[in-house]
>>> print(open('upload36.csv').read())   # CSV, C-alpha atoms
chain,number,residue,atom,x,y,z
A,1,MET,CA,-16.1,-4.7,-53.4
A,2,VAL,CA,-18.0,-1.8,-51.8
A,3,GLU,CA,-19.2,-2.4,-48.2
A,4,ASP,CA,-22.9,-2.3,-47.7
A,5,LEU,CA,-23.6,0.6,-45.4
A,6,SER,CA,-27.4,0.7,-45.9
A,7,PRO,CA,-29.6,1.5,-42.9
A,8,GLN,CA,-30.8,-2.1,-42.8
A,9,ARG,CA,-27.3,-3.4,-42.8
A,10,LEU,CA,-26.3,-0.9,-40.0
A,11,ARG,CA,-29.3,-1.9,-37.9
A,12,THR,CA,-28.2,-5.6,-38.0
A,13,ARG,CA,-24.7,-4.7,-37.2
A,14,LEU,CA,-25.4,-2.2,-34.3
A,15,PRO,CA,-26.8,-4.7,-31.8
A,16,LYS,CA,-23.7,-7.0,-32.3
A,17,SER,CA,-21.4,-4.0,-31.6
A,18,LEU,CA,-23.4,-3.0,-28.6
A,19,GLY,CA,-23.3,-6.5,-27.3
A,20,LEU,CA,-19.5,-6.3,-27.1
A,21,LEU,CA,-19.7,-3.5,-24.5
A,22,HIS,CA,-18.8,-4.3,-20.9
A,23,PRO,CA,-21.3,-3.4,-18.2
A,24,LEU,CA,-18.8,-0.8,-17.0
A,25,ASP,CA,-18.9,0.8,-20.5
A,26,TRP,CA,-22.6,1.1,-20.2
A,27,LEU,CA,-22.2,2.6,-16.7
A,28,ALA,CA,-19.6,5.2,-18.0
A,29,GLY,CA,-21.7,6.1,-21.0
A,30,GLY,CA,-24.9,6.4,-19.0
A,31,LEU,CA,-23.3,8.7,-16.4
A,32,LEU,CA,-21.9,10.9,-19.2
A,33,VAL,CA,-25.3,11.1,-20.9
A,34,LEU,CA,-27.0,11.9,-17.6
A,35,GLY,CA,-24.4,14.6,-16.8
A,36,VAL,CA,-24.6,16.3,-20.2
A,37,GLY,CA,-28.4,16.0,-20.1
A,38,ALA,CA,-28.4,17.7,-16.7
A,39,VAL,CA,-26.5,20.7,-18.2
A,40,ALA,CA,-28.6,20.8,-21.3
A,41,THR,CA,-31.9,20.8,-19.4
A,42,GLY,CA,-30.7,23.4,-16.8
A,43,LEU,CA,-30.7,21.0,-13.8
A,44,LEU,CA,-27.1,21.8,-13.5
A,45,PRO,CA,-26.2,25.4,-14.3
A,46,ALA,CA,-23.5,25.9,-16.9
A,47,ASP,CA,-21.0,27.8,-14.7
A,48,PRO,CA,-20.6,25.1,-12.0
A,49,ALA,CA,-20.5,22.5,-14.7
A,50,ALA,CA,-17.7,24.3,-16.5
A,51,ALA,CA,-15.8,24.8,-13.2
A,52,GLN,CA,-15.9,21.1,-12.6
A,53,LEU,CA,-14.6,20.3,-16.1
A,54,ARG,CA,-11.8,22.8,-15.7
A,55,ARG,CA,-10.8,21.2,-12.4
A,56,ILE,CA,-10.7,17.7,-13.8
A,57,GLY,CA,-8.9,18.5,-17.1
A,58,PRO,CA,-5.4,18.0,-15.7
A,59,LEU,CA,-6.6,14.9,-13.8
A,60,LEU,CA,-7.9,13.3,-17.0
A,61,VAL,CA,-4.5,13.9,-18.7
A,62,PHE,CA,-2.7,12.3,-15.8
A,63,LEU,CA,-5.2,9.4,-15.6
A,64,ALA,CA,-4.8,8.6,-19.3
A,65,SER,CA,-1.0,8.9,-19.4
A,66,VAL,CA,-0.3,7.0,-16.2
A,67,ILE,CA,-2.5,4.1,-17.2
A,68,VAL,CA,-0.9,3.8,-20.6
A,69,LEU,CA,2.5,4.0,-18.9
A,70,ALA,CA,1.5,1.2,-16.5
A,71,GLU,CA,0.0,-1.0,-19.2
A,72,LEU,CA,3.1,-0.8,-21.4
A,73,THR,CA,5.4,-1.3,-18.4
A,74,GLY,CA,3.4,-4.4,-17.6
A,75,ARG,CA,3.8,-5.6,-21.2
A,76,ALA,CA,7.6,-5.0,-20.9
A,77,GLN,CA,7.4,-7.7,-18.1
A,78,VAL,CA,8.5,-5.3,-15.3
A,79,PHE,CA,5.8,-6.6,-13.0
A,80,ASP,CA,6.4,-10.3,-14.0
A,81,VAL,CA,10.1,-10.0,-13.2
A,82,VAL,CA,9.4,-8.4,-9.9
A,83,ALA,CA,6.7,-10.9,-9.0
A,84,THR,CA,8.9,-13.9,-9.9
A,85,TRP,CA,11.7,-12.3,-7.8
A,86,VAL,CA,9.2,-12.0,-4.9
A,87,ALA,CA,8.3,-15.6,-5.1
A,88,ARG,CA,11.9,-16.8,-5.3
A,89,ALA,CA,12.9,-14.5,-2.4
A,90,GLY,CA,10.2,-16.2,-0.3
A,91,ARG,CA,12.2,-19.4,-0.5
A,92,GLY,CA,9.2,-21.6,-0.1
A,93,SER,CA,8.1,-19.9,3.1
A,94,TYR,CA,4.5,-18.7,3.2
A,95,ALA,CA,5.2,-16.2,6.0
A,96,LEU,CA,8.1,-14.6,4.0
A,97,LEU,CA,6.1,-14.7,0.7
A,98,PHE,CA,3.2,-13.0,2.5
A,99,GLY,CA,5.4,-10.1,3.7
A,100,LEU,CA,6.9,-9.6,0.3
A,101,CYS,CA,3.5,-9.7,-1.5
A,102,VAL,CA,2.2,-7.1,0.9
A,103,LEU,CA,5.2,-4.9,0.2
A,104,PHE,CA,5.0,-5.4,-3.5
A,105,ALA,CA,1.3,-4.6,-3.8
A,106,SER,CA,1.7,-1.6,-1.4
A,107,LEU,CA,4.5,-0.1,-3.4
A,108,THR,CA,2.7,-0.6,-6.7
A,109,THR,CA,-0.4,1.2,-5.4
A,110,VAL,CA,1.6,4.0,-3.8
A,111,THR,CA,3.8,4.7,-6.7
A,112,LEU,CA,1.6,4.0,-9.8
A,113,ASN,CA,-2.0,4.0,-8.5
A,114,LEU,CA,-4.7,1.7,-7.3
A,115,ASP,CA,-6.2,1.0,-10.7
A,116,THR,CA,-2.8,-0.2,-11.9
A,117,THR,CA,-2.6,-2.6,-9.0
A,118,ALA,CA,-6.1,-3.9,-9.9
A,119,VAL,CA,-5.7,-4.1,-13.6
A,120,LEU,CA,-2.0,-5.2,-14.0
A,121,LEU,CA,-0.8,-6.7,-10.8
A,122,THR,CA,-3.9,-8.9,-10.3
A,123,PRO,CA,-3.3,-11.1,-13.4
A,124,VAL,CA,0.5,-11.2,-12.6
A,125,MET,CA,-0.2,-12.5,-9.1
A,126,LEU,CA,-2.9,-15.0,-10.3
A,127,ALA,CA,-0.6,-16.3,-13.0
A,128,LEU,CA,2.2,-16.6,-10.4
A,129,ALA,CA,-0.2,-18.6,-8.2
A,130,THR,CA,-0.9,-21.0,-11.1
A,131,ARG,CA,2.8,-21.3,-11.9
A,132,VAL,CA,4.0,-22.2,-8.5
A,133,GLY,CA,0.9,-24.2,-7.4
A,134,ILE,CA,-0.3,-22.1,-4.5
A,135,ALA,CA,-3.8,-20.9,-3.7
A,136,ALA,CA,-5.0,-18.0,-5.8
A,137,VAL,CA,-7.5,-16.4,-3.5
A,138,PRO,CA,-5.0,-15.1,-0.8
A,139,LEU,CA,-2.9,-13.5,-3.6
A,140,ALA,CA,-6.0,-12.0,-5.2
A,141,MET,CA,-7.3,-10.6,-1.9
A,142,THR,CA,-3.8,-9.1,-1.1
A,143,THR,CA,-4.1,-7.2,-4.4
A,144,VAL,CA,-7.6,-5.8,-4.1
A,145,TRP,CA,-7.4,-4.8,-0.4
A,146,LEU,CA,-4.0,-3.1,-0.7
A,147,ALA,CA,-5.1,-1.5,-4.0
A,148,ASN,CA,-7.5,0.5,-1.8
A,149,THR,CA,-5.9,0.7,1.6
A,150,ALA,CA,-2.4,1.5,0.4
A,151,SER,CA,-3.6,4.5,-1.7
A,152,LEU,CA,-3.2,7.2,0.9
A,153,LEU,CA,0.3,8.4,0.7
A,154,LEU,CA,0.8,10.3,-2.6
A,155,PRO,CA,-1.4,12.2,-5.0
A,156,VAL,CA,-0.6,9.7,-7.7
A,157,SER,CA,-1.9,6.8,-5.7
A,158,ASN,CA,-5.6,7.7,-6.0
A,159,LEU,CA,-7.7,10.2,-8.0
A,160,THR,CA,-9.3,11.3,-4.7
A,161,ASN,CA,-5.8,12.2,-3.4
A,162,LEU,CA,-5.3,14.5,-6.4
A,163,LEU,CA,-8.6,16.3,-5.6
A,164,ALA,CA,-7.7,16.5,-1.8
A,165,ALA,CA,-4.2,17.7,-2.4
A,166,ASP,CA,-5.5,20.4,-4.7
A,167,ARG,CA,-8.1,21.5,-2.1
A,168,VAL,CA,-5.7,21.8,0.8
A,169,ALA,CA,-2.7,23.0,-1.4
A,170,LEU,CA,-0.4,20.1,-0.6
A,171,SER,CA,2.5,19.1,-2.8
A,172,PRO,CA,3.3,15.3,-3.2
A,173,SER,CA,5.9,15.5,-0.5
A,174,GLY,CA,3.5,17.6,1.6
A,175,LEU,CA,0.8,15.1,1.4
A,176,ALA,CA,3.2,12.3,2.2
A,177,ALA,CA,4.4,14.2,5.3
A,178,VAL,CA,0.9,14.3,6.6
A,179,MET,CA,-0.3,10.8,5.5
A,180,TRP,CA,2.8,8.6,6.2
A,181,LEU,CA,1.6,7.4,9.6
A,182,PRO,CA,-2.0,6.7,8.5
A,183,GLN,CA,-0.6,4.9,5.5
A,184,LEU,CA,1.6,2.7,7.7
A,185,VAL,CA,-1.2,1.9,10.0
A,186,THR,CA,-3.7,1.0,7.2
A,187,VAL,CA,-1.1,-1.3,5.6
A,188,GLY,CA,-0.5,-2.9,9.0
A,189,VAL,CA,-4.2,-3.5,9.7
A,190,THR,CA,-4.7,-4.8,6.2
A,191,ALA,CA,-1.8,-7.2,6.6
A,192,ALA,CA,-3.2,-8.5,9.9
A,193,CYS,CA,-6.7,-9.1,8.3
A,194,LEU,CA,-5.1,-10.7,5.3
A,195,TRP,CA,-3.2,-13.2,7.5
A,196,ALA,CA,-6.1,-13.9,9.8
A,197,PHE,CA,-8.7,-14.4,7.0
A,198,TYR,CA,-6.8,-15.7,4.0
A,199,TRP,CA,-3.1,-16.5,4.5
A,200,ARG,CA,-2.8,-18.5,7.8
A,201,ARG,CA,-2.2,-22.2,7.7
A,202,GLY,CA,-5.9,-23.1,8.4
A,203,ARG,CA,-7.0,-21.1,5.4
A,204,ARG,CA,-4.3,-21.7,2.7
A,205,GLY,CA,-4.0,-25.5,3.4
A,206,GLN,CA,-0.3,-25.8,2.8
A,207,ASP,CA,3.0,-25.4,4.7
A,208,ARG,CA,5.4,-24.5,1.9
A,209,TYR,CA,5.5,-23.8,-1.8
A,210,THR,CA,8.0,-24.5,-4.6
A,211,PRO,CA,9.8,-21.3,-5.7
A,212,PRO,CA,9.6,-20.7,-9.5
A,213,SER,CA,12.5,-20.6,-11.9
A,214,ALA,CA,14.2,-17.3,-12.7
A,215,SER,CA,12.2,-15.1,-15.1
A,216,THR,CA,13.9,-14.2,-18.4
A,217,PRO,CA,12.5,-11.0,-20.0
A,218,GLY,CA,11.7,-11.2,-23.7
A,219,ASP,CA,13.3,-7.8,-24.4
A,220,PRO,CA,15.8,-6.7,-21.7
A,221,VAL,CA,16.3,-3.3,-23.4
A,222,LEU,CA,12.6,-2.5,-23.2
A,223,LEU,CA,12.5,-3.7,-19.7
A,224,ARG,CA,15.3,-1.4,-18.6
A,225,ILE,CA,13.8,1.6,-20.4
A,226,CYS,CA,10.4,1.2,-18.8
A,227,SER,CA,11.9,0.7,-15.4
A,228,VAL,CA,14.0,3.9,-15.7
A,229,ALA,CA,10.9,5.8,-17.0
A,230,CYS,CA,8.8,4.8,-14.0
A,231,ALA,CA,11.7,5.6,-11.6
A,232,GLY,CA,12.1,9.0,-13.3
A,233,PHE,CA,8.4,9.7,-13.0
A,234,LEU,CA,8.5,9.0,-9.2
A,235,LEU,CA,11.6,11.1,-8.7
A,236,ALA,CA,10.1,14.0,-10.6
A,237,ILE,CA,6.9,14.1,-8.5
A,238,LEU,CA,8.6,13.6,-5.2
A,239,LEU,CA,11.8,15.7,-5.5
A,240,ALA,CA,10.9,18.4,-8.1
A,241,ASP,CA,8.0,20.8,-8.4
A,242,VAL,CA,6.6,19.1,-11.5
A,243,PRO,CA,2.9,18.8,-12.1
A,244,LEU,CA,1.7,15.3,-12.0
A,245,TRP,CA,0.1,15.4,-15.4
A,246,ALA,CA,3.4,16.7,-16.9
A,247,ALA,CA,5.6,14.0,-15.2
A,248,SER,CA,3.3,11.2,-16.2
A,249,THR,CA,3.0,12.4,-19.8
A,250,VAL,CA,6.8,12.7,-20.2
A,251,ALA,CA,7.3,9.2,-18.8
A,252,MET,CA,4.6,7.8,-21.0
A,253,LEU,CA,6.1,9.4,-24.1
A,254,ILE,CA,9.4,7.8,-23.3
A,255,VAL,CA,7.9,4.4,-23.0
A,256,VAL,CA,5.7,4.8,-26.1
A,257,ALA,CA,8.8,5.8,-28.1
A,258,ALA,CA,10.6,2.7,-26.9
A,259,PHE,CA,7.7,0.5,-27.9
A,260,ALA,CA,7.5,2.3,-31.3
A,261,LEU,CA,11.1,1.4,-32.0
A,262,ARG,CA,11.0,-2.2,-30.7
A,263,ARG,CA,7.4,-3.5,-30.6
A,264,ARG,CA,5.3,-1.1,-32.7
A,265,ALA,CA,2.5,-3.6,-33.2
A,266,GLU,CA,1.6,-3.3,-29.5
A,267,LEU,CA,0.8,0.4,-29.7
A,268,ARG,CA,-3.0,0.5,-30.2
A,269,LEU,CA,-5.7,3.0,-29.3
A,270,SER,CA,-7.1,0.4,-27.0
A,271,LEU,CA,-4.3,1.2,-24.6
A,272,VAL,CA,-6.0,4.5,-23.8
A,273,PRO,CA,-8.5,4.1,-20.8
A,274,TRP,CA,-11.5,5.3,-22.7
A,275,ARG,CA,-13.9,4.0,-20.2
A,276,LEU,CA,-12.3,6.0,-17.4
A,277,LEU,CA,-12.1,9.1,-19.6
A,278,VAL,CA,-15.8,8.9,-20.1
A,279,LEU,CA,-16.7,7.8,-16.6
A,280,VAL,CA,-14.9,10.5,-14.6
A,281,PRO,CA,-16.4,13.6,-16.2
A,282,GLY,CA,-19.9,12.0,-16.3
A,283,MET,CA,-19.6,11.1,-12.6
A,284,PHE,CA,-18.5,14.6,-11.7
A,285,LEU,CA,-21.4,16.2,-13.5
A,286,VAL,CA,-23.9,13.8,-12.0
A,287,VAL,CA,-22.6,14.3,-8.5
A,288,GLU,CA,-22.6,18.1,-8.9
A,289,THR,CA,-26.2,17.9,-10.1
A,290,VAL,CA,-27.3,15.7,-7.2
A,291,ASN,CA,-25.5,18.1,-4.8
A,292,ALA,CA,-27.6,20.9,-6.1
A,293,HIS,CA,-30.8,19.1,-5.5
A,294,GLY,CA,-30.6,17.7,-1.9
A,295,LEU,CA,-27.4,15.6,-1.4
A,296,HIS,CA,-25.5,18.7,-0.3
A,297,ALA,CA,-27.8,19.3,2.7
A,298,LEU,CA,-27.9,15.7,3.7
A,299,LEU,CA,-24.2,15.3,3.7
A,300,ALA,CA,-23.7,18.6,5.5
A,301,SER,CA,-25.9,17.2,8.3
A,302,ALA,CA,-24.1,13.9,8.4
A,303,LEU,CA,-20.5,15.3,8.3
A,304,GLY,CA,-21.0,18.3,10.5
A,305,SER,CA,-18.2,20.9,10.8
A,306,ASP,CA,-16.0,19.7,13.7
A,307,ASP,CA,-12.4,19.8,12.7
A,308,GLY,CA,-11.3,18.0,15.8
A,309,TRP,CA,-10.8,14.3,16.6
A,310,ALA,CA,-14.5,13.4,16.9
A,311,GLY,CA,-15.3,15.2,13.7
A,312,MET,CA,-12.5,13.4,11.9
A,313,LEU,CA,-13.8,10.0,13.0
A,314,ARG,CA,-17.3,11.1,12.0
A,315,SER,CA,-16.1,12.2,8.5
A,316,ALA,CA,-14.1,9.1,7.9
A,317,GLY,CA,-17.0,6.9,8.9
A,318,VAL,CA,-19.5,8.8,6.7
A,319,GLY,CA,-17.0,8.7,3.8
A,320,ALA,CA,-16.5,4.9,4.1
A,321,GLY,CA,-20.2,4.3,4.4
A,322,VAL,CA,-21.2,6.4,1.4
A,323,SER,CA,-18.4,4.8,-0.6
A,324,ASN,CA,-19.7,1.3,0.0
A,325,VAL,CA,-23.3,2.3,-0.8
A,326,LEU,CA,-22.4,4.3,-3.9
A,327,ASN,CA,-18.7,4.6,-4.9
A,328,ASN,CA,-15.7,6.2,-3.4
A,329,LEU,CA,-15.2,8.9,-6.1
A,330,PRO,CA,-18.6,10.5,-5.9
A,331,ALA,CA,-18.6,10.0,-2.1
A,332,TYR,CA,-15.4,12.2,-1.9
A,333,VAL,CA,-16.6,14.8,-4.4
A,334,ALA,CA,-19.9,15.2,-2.6
A,335,GLY,CA,-18.3,15.2,0.9
A,336,GLU,CA,-15.6,17.7,-0.1
A,337,ALA,CA,-18.3,20.2,-1.3
A,338,VAL,CA,-19.8,20.4,2.2
A,339,ILE,CA,-16.7,20.5,4.4
A,340,PRO,CA,-15.7,24.0,5.4
A,341,ALA,CA,-12.7,25.3,3.5
A,342,GLY,CA,-10.5,25.7,6.5
A,343,ASN,CA,-11.2,22.2,7.9
A,344,HIS,CA,-8.2,20.5,6.5
A,345,HIS,CA,-8.1,17.8,9.2
A,346,GLN,CA,-11.7,16.9,8.6
A,347,LEU,CA,-11.1,16.7,4.8
A,348,LEU,CA,-8.1,14.4,5.2
A,349,ALA,CA,-10.2,12.2,7.4
A,350,LEU,CA,-12.8,12.0,4.7
A,351,LEU,CA,-10.1,11.1,2.3
A,352,ILE,CA,-9.1,8.2,4.6
A,353,GLY,CA,-12.7,7.0,4.7
A,354,VAL,CA,-13.1,7.0,0.9
A,355,ASN,CA,-9.7,5.3,0.3
A,356,ALA,CA,-9.4,2.8,3.1
A,357,GLY,CA,-13.1,2.2,3.7
A,358,PRO,CA,-14.5,1.0,0.3
A,359,VAL,CA,-13.5,-2.7,0.7
A,360,ILE,CA,-17.0,-4.1,1.6
A,361,THR,CA,-19.1,-4.0,-1.6
A,362,PRO,CA,-17.9,-5.0,-5.1
A,363,TRP,CA,-18.8,-1.6,-6.5
A,364,ALA,CA,-17.3,0.6,-3.7
A,365,SER,CA,-14.3,1.5,-5.9
A,366,LEU,CA,-13.6,1.3,-9.6
A,367,ALA,CA,-10.4,-0.7,-8.7
A,368,THR,CA,-12.5,-3.3,-7.0
A,369,LEU,CA,-14.8,-3.6,-10.0
A,370,LEU,CA,-11.8,-4.0,-12.3
A,371,TRP,CA,-10.3,-6.6,-9.9
A,372,PHE,CA,-13.5,-8.7,-9.9
A,373,GLU,CA,-13.5,-8.7,-13.7
A,374,ARG,CA,-9.8,-9.8,-13.8
A,375,CYS,CA,-10.5,-12.6,-11.3
A,376,ARG,CA,-13.5,-13.8,-13.4
A,377,TRP,CA,-11.5,-13.8,-16.5
A,378,HIS,CA,-8.8,-15.9,-14.8
A,379,GLY,CA,-11.3,-18.3,-13.4
A,380,THR,CA,-10.7,-17.5,-9.8
A,381,ARG,CA,-13.9,-17.8,-7.8
A,382,ILE,CA,-14.5,-15.1,-5.1
A,383,ASP,CA,-17.0,-15.9,-2.4
A,384,THR,CA,-19.0,-12.7,-2.3
A,385,GLY,CA,-20.4,-13.3,1.2
A,386,ARG,CA,-16.9,-13.9,2.6
A,387,PHE,CA,-15.6,-10.9,0.7
A,388,VAL,CA,-18.3,-8.7,2.3
A,389,ARG,CA,-17.8,-10.1,5.8
A,390,THR,CA,-14.0,-9.8,5.9
A,391,GLY,CA,-14.1,-6.5,4.1
A,392,LEU,CA,-16.4,-5.1,6.8
A,393,VAL,CA,-13.9,-5.9,9.5
A,394,LEU,CA,-11.1,-4.3,7.5
A,395,SER,CA,-13.1,-1.2,6.6
A,396,VAL,CA,-14.1,-0.5,10.2
A,397,THR,CA,-10.7,-1.2,11.9
A,398,GLY,CA,-8.5,0.2,9.1
A,399,THR,CA,-10.5,3.5,8.8
A,400,ALA,CA,-10.7,4.0,12.5
A,401,ALA,CA,-7.0,3.2,13.1
A,402,ALA,CA,-5.8,5.4,10.3
A,403,THR,CA,-8.0,8.3,11.4
A,404,CYS,CA,-6.6,8.1,14.9
A,405,ALA,CA,-3.1,8.1,13.4
A,406,LEU,CA,-3.9,11.2,11.4
A,407,ALA,CA,-5.2,12.9,14.6
A,408,LEU,CA,-1.8,12.1,16.3
A,409,ILE,CA,0.3,13.9,13.8
A,410,THR,CA,-1.9,16.9,12.9
>>> encode(input="upload36.csv", output="structure tokens")
Amino acid sequence: MVEDLSPQRLRTRLPKSLGLLHPLDWLAGGLLVLGVGAVATGLLPADPAAAQLRRIGPLLVFLASVIVLAELTGRAQVFDVVATWVARAGRGSYALLFGLCVLFASLTTVTLNLDTTAVLLTPVMLALATRVGIAAVPLAMTTVWLANTASLLLPVSNLTNLLAADRVALSPSGLAAVMWLPQLVTVGVTAACLWAFYWRRGRRGQDRYTPPSASTPGDPVLLRICSVACAGFLLAILLADVPLWAASTVAMLIVVAAFALRRRAELRLSLVPWRLLVLVPGMFLVVETVNAHGLHALLASALGSDDGWAGMLRSAGVGAGVSNVLNNLPAYVAGEAVIPAGNHHQLLALLIGVNAGPVITPWASLATLLWFERCRWHGTRIDTGRFVRTGLVLSVTGTAAATCALALIT
């Protein structure tokens, strides 16, 4: 039977296909259309557009490979095994479980990236809450807050870090040497806010929980291969002079090969983060266009050119504010463009603002948007008003404390 591909048939099918698109898909596609349109109409000259695309080429390779790596690692049950171990190690104590969850979410964000924490760790934690009968919201908030605030240490942790490390010529170990204290401080402030607002006895409503039974992986061989690939990726970027995109691509290929041999049916094109691969170049082109038509001058006035302590606080505050109004990625790109080339301290302070600060509004970071979608899918209701109020406290205190820590060691 020959399929009917007549124009009338296609017109009836197209609206149904478009109806399947997520709002974030429309956002990504719209930004790319706007960016390409700006270049085509001359609003954005071809040379700066090409320079931006050349700059983000390796970043897109890294982004695609590391998310495929993380998705397959999650399917191999690496995160489930660790999450179950965390709950069992807590021995029914909420205080101990809290500390372990903070550590787990922080390490996931630092070593894989904030989007991995939002996309993969969130459903694991929510499923764990259901399995052991504990409140889901404290676990969910631990995930989303630390996905943002624990993303300062390594270039792999956040796309903004990759851009900043490139700008100030810092290797992964070099960035870690500068940001280790700000990262410890932001995690500490985040933990304090989590306990005060979500985890303490008056909020969670229980004294103890029942630890789950031991987790048995469906394919122990695949679990070990994925664990070794992730460990090798981290060692390569921390101890060897290997480009991030190359290390993540090799690790991804190892995991893909393992799945091809053992669970080939799970290798689908849907693993590739198409939305991000469309969103990022579109966002860069749009921000570059807006920069050329007024935003550059506005941010130059707001950020100033002071590379000292006061200038650092000012830059971090502006970065956090713009991130919550717009989004942290365009906030960093626009801010970076106006900070003088030699003002490395001011640039790193801006980085703190756009990483630790965007925890107030649901759209402040892509990780938060993805997290909200995962919570909605799971059926976990998030009180938006409370989210904004508590996030405001964390954003102000965390950003200020981390910036002061940066000033102490630079």
>>> residues_around(input="upload36.csv", residues="Val132 (chain A)", least_positions_apart="4", cutoff="9 Å", atoms="all atoms listed in the file", output="MDAnalysis selection string")
chainID A and resid 87 127:128 209:212
>>> residues_near_point(input="upload36.csv", point="(-2.5, -10.6, -10.7)", cutoff="10 Å", atoms="all atoms listed in the file", output="MDAnalysis selection string")
chainID A and resid 79:80 83 105 117:129 136 139:140 142:144 371 374:375 378
>>> closest_residue(input="upload36.csv", among="A:Val68, A:Leu350, A:Ala196, A:Ala40", to="Ile254 (chain A)", atoms="only C-alpha atoms")
A:Val68
>>> closest_residue(input="upload36.csv", among="A:Val61, A:Ala135, A:Val81, A:Val290", to="Pro243 (chain A)", atoms="only C-alpha atoms")
A:Val61
>>> closest_residue(input="upload36.csv", among="A:Ala76, A:Ala247, A:Leu24, A:Leu271", to="Phe259 (chain A)", atoms="only C-alpha atoms")
A:Ala76
>>> atom_distance(input="upload36.csv", atom1="CA of Ala341 (chain A)", atom2="CA of Leu329 (chain A)")
19.2 Å
>>> residues_around(input="upload36.csv", residues="Leu285 (chain A)", least_positions_apart="5", cutoff="10 Å", atoms="all atoms listed in the file", output="MDAnalysis selection string")
chainID A and resid 31:39 44 48:50 52:53 280 290:291 330
>>> closest_residue(input="upload36.csv", among="A:Ala402, A:Ala214, A:Leu238, A:Ala297", to="Ala177 (chain A)", atoms="only C-alpha atoms")
A:Leu238
>>> closest_residue(input="upload36.csv", among="A:Ala300, A:Ala400, A:Leu279, A:Val168", to="Gly29 (chain A)", atoms="all atoms listed in the file")
A:Leu279
>>> atom_distance(input="upload36.csv", atom1="CA of Glu266 (chain A)", atom2="CA of Val78 (chain A)")
15.9 Å
>>> closest_residue(input="upload36.csv", among="A:Leu153, A:Val286, A:Ala231, A:Ala367", to="Ser248 (chain A)", atoms="all atoms listed in the file")
A:Ala231
>>> atom_distance(input="upload36.csv", atom1="CA of Gly398 (chain A)", atom2="CA of Ala356 (chain A)")
6.6 Å
>>> residues_around(input="upload36.csv", residues="Ser93 (chain A)", least_positions_apart="2", cutoff="9 Å", atoms="only C-alpha atoms", output="list in words")
Gly90, Arg91, Ala95, Leu96, Leu97, Phe98, Asp207, Arg208, Tyr209 and Thr210 of chain A
>>> write_last_selection(input="upload36.csv", atoms="C-alpha atoms", output="PDB file, keeping the file's coordinate frame")
ATOM      1  CA  GLY A  90      10.200 -16.200  -0.300  1.00  0.00           C
ATOM      2  CA  ARG A  91      12.200 -19.400  -0.500  1.00  0.00           C
ATOM      3  CA  ALA A  95       5.200 -16.200   6.000  1.00  0.00           C
ATOM      4  CA  LEU A  96       8.100 -14.600   4.000  1.00  0.00           C
ATOM      5  CA  LEU A  97       6.100 -14.700   0.700  1.00  0.00           C
ATOM      6  CA  PHE A  98       3.200 -13.000   2.500  1.00  0.00           C
ATOM      7  CA  ASP A 207       3.000 -25.400   4.700  1.00  0.00           C
ATOM      8  CA  ARG A 208       5.400 -24.500   1.900  1.00  0.00           C
ATOM      9  CA  TYR A 209       5.500 -23.800  -1.800  1.00  0.00           C
ATOM     10  CA  THR A 210       8.000 -24.500  -4.600  1.00  0.00           C
TER      11      THR A 210
END
